[in-house]
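The structure under discussion appears below in the form of structure tokens.
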Amino acid sequence: MVNIFGSLILALWLFLTMNRKRQSFFEASMFIIIMMGVNCIMQHAWPDVNNAWLLGWIAQWIYVFIAIWLFDIVCLSSLSAAIYSIIVGVVYYYLQLNMPTLVERWLN
């Protein structure tokens, strides 16, 4: 449920904030901090903070940063912004689903 919520929020964030100057670093950081909080609230538990947890969130931050940064370059119309937002949301969903296996592979 958290994965679907996160990907939906990212897609809506990109689409609804088009046609304005972006601060990619700040927006990616705020999105990840919000998602950390939502993740804790929806799981009713504090995270087990270790190297795998940290590396997973850093990888997600890098993805969100690149997605926000590329948005102004790729999206020149409302249609391209909608398509790009949907693609970014779907890829973020699958990134979140596969993050534990990716992090395990990176740490080994």
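By convention in this document, the chains of the structure tokens carry letters A, B, ... by their order, each chain's residues are numbered from 1, and ligands are numbered from 1 in the order they are shown.
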
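Residues in contact with Met42 of chain A at up to 12 Å, not including ones fewer than 3 positions away on its chain and judged by only C-alpha atoms, are Met1, Val2, Asn3, Phe5, Gly6, Met35, Met36, Gly37, Val38, Asn39, Ala45, Trp46 and Pro47 of chain A.
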
Residue neighbourhood segment 87-96 of chain A, 7 Å, only C-alpha atoms, exclusion window fewer than 4 positions, as number ranges by chain: A: 3-4, 7-8, 10-11, 67, 83

All residues 7 Å or closer to segment 17-31 of chain A, only C-alpha atoms, same chain fewer than 4 positions away omitted, as a count of residues only: 7

Atomic separation - atom CA of Leu16 of chain A relative to atom CA of Asp72 of chain A, Å: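 It comes out at 12.9 Å.
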
All helix (DSSP H, G or I) residues (DSSP, backbone) inside chain A, as a PyMOL selection string: chain A and resi 2-16+24-43+51-74+78-107

Close residues, Phe71 of chain A itself excluded, 8 Å, only C-alpha atoms, min 5 positions apart in chain, as a ChimeraX atom specification: /A:14,81,84

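With atom CA of Ala82 of chain A on one side and atom CA of Leu102 of chain A on the other, the separation reads 28.3 Å.
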